[in-house]
Amino acid sequence: IAGIKEDSEWLIRMVENLLSITKIDSGQVKIIKTPTVLEELIDSVILKIKKRYPSQKVDIDIPDDVVIIPMDAILIEQVIVNLLENSIQHAKGMTNLSLKVFTLGNQAIFEISDNGCGINPKMLEFIFTGYYTSSDDISDSQKKNAGIGLSVCATIIKAHGGSIKAENLKAGGVVFRFILDTESDYES
């Protein structure tokens with residue numbers, strides 16, 4: 001029963017991801033950015049992760065100052081949850097998972113990193129395309145995964161006018177980094 005429940009939750013998340021990417025790609029969804037307090041966003045993300053993975057600790061490092069970022073908070077929350085889940089599910093040997101956010105000029109930089117097995121360097125350039133399908137291609141993967149979650153992340157960040165990338169860490173593991181503007185386009 002637990003396995004069925006886990007598989008059905010995975011399927012629900014997959015369908016939500018597919019719906020998000022389809023709507024954004026087709027232009028049916030216009031990203032409406034509203035000023036969002038970073039700390040509230042992170043609290044909501046951590047609440048979801050703790051509910052799904054009660055034993056997983058996530059180290060949080062965010063600015064003490066109030067940081068307000070114009071975004072569609074539901075979609076950005078989905079990105080962060082997807083990236084954290086990616087590490088939880090696929091980073092073999094991981095003992096440390098962290099979420100760090102800092103500002104640089106008018107940008108907020110989000111970093112989700114782990115100390116797991118990393119990603120096959122040949123796949124790093126394709127990691128956000130959804131074009132890989134075999135667990136042999138991605139060293140972080142324990143089962144077949146079409147990469148839909150990471151493709152959704154890239155689509156959402158691109159729709160926000162931001163950028164996203166992944167890179168292996170020298171000490172082991174991987175960091176997913178995405179950047180959003182802290183000043184909206186319509187503030188002139």
# chains A, B, ... in the order shown; residues from 1 in each chain; ligands from 1

$ closest_atom_pairs --of "region 42-78 of chain A" --to "region 159-181 of chain A" --cutoff "9 Å" --atoms "only C-alpha atoms" --output "tab-separated table"
residue	atom	partner	partner_atom	distance
A:Ile69	CA	A:Asp181	CA	7.0
A:Pro70	CA	A:Asp181	CA	7.5
A:Met71	CA	A:His160	CA	7.1
A:Asp72	CA	A:His160	CA	8.2

$ select_by_dssp --residues "region 28-124 of chain A" --states "alpha helix (DSSP H)" --output "JSON, numbers by chain"
{"A": [38, 39, 40, 41, 42, 43, 44, 45, 46, 47, 48, 49, 50, 51, 52, 73, 74, 75, 76, 77, 78, 79, 80, 81, 82, 83, 84, 85, 86, 87, 88, 89, 90]}

$ atom_distance --atom1 "CA of Thr36 (chain A)" --atom2 "CA of Ile156 (chain A)"
16.0 Å

$ residues_around --residues "Asn96 (chain A)" --least-positions-apart "6" --cutoff "9 Å" --atoms "only C-alpha atoms" --output "list in words"
Lys57, Val58, Asp59, Ser113, Asp114, Asn115 and Gly116 of chain A

$ closest_residue --among "A:Asn82, A:Thr34, A:Thr103, A:Gln89" --to "Ile62 (chain A)" --atoms "only C-alpha atoms"
A:Thr103

$ closest_residue --among "A:Lys30, A:Val152, A:Lys50, A:Ile80" --to "Val101 (chain A)" --atoms "only C-alpha atoms"
A:Ile80

$ residues_around --residues "Ile49 (chain A)" --least-positions-apart "6" --cutoff "9 Å" --atoms "only C-alpha atoms" --output "PyMOL selection string"
chain A and resi 56+58+81+84-85

$ closest_residue --among "A:Val45, A:Leu99, A:Ala91, A:Ile76" --to "Pro63 (chain A)" --atoms "only C-alpha atoms"
A:Leu99

$ select_by_dssp --residues "region 44-184 of chain A" --states "strand (DSSP E or B)" --output "JSON, numbers by chain"
{"A": [59, 60, 61, 68, 69, 70, 71, 97, 98, 99, 100, 101, 102, 103, 104, 107, 108, 109, 110, 111, 112, 113, 114, 163, 164, 165, 166, 167, 168, 174, 175, 176, 177, 178, 179, 180, 181]}

$ closest_residue --among "A:Phe110, A:Pro35, A:Val15, A:Glu77" --to "Ile60 (chain A)" --atoms "only C-alpha atoms"
A:Phe110

$ closest_residue --among "A:Ala73, A:Ile31, A:Ile157, A:Ile12" --to "Asp43 (chain A)" --atoms "only C-alpha atoms"
A:Ala73

$ closest_residue --among "A:Thr182, A:Ser44, A:Ser55, A:Asn120" --to "Ile74 (chain A)" --atoms "only C-alpha atoms"
A:Ser44
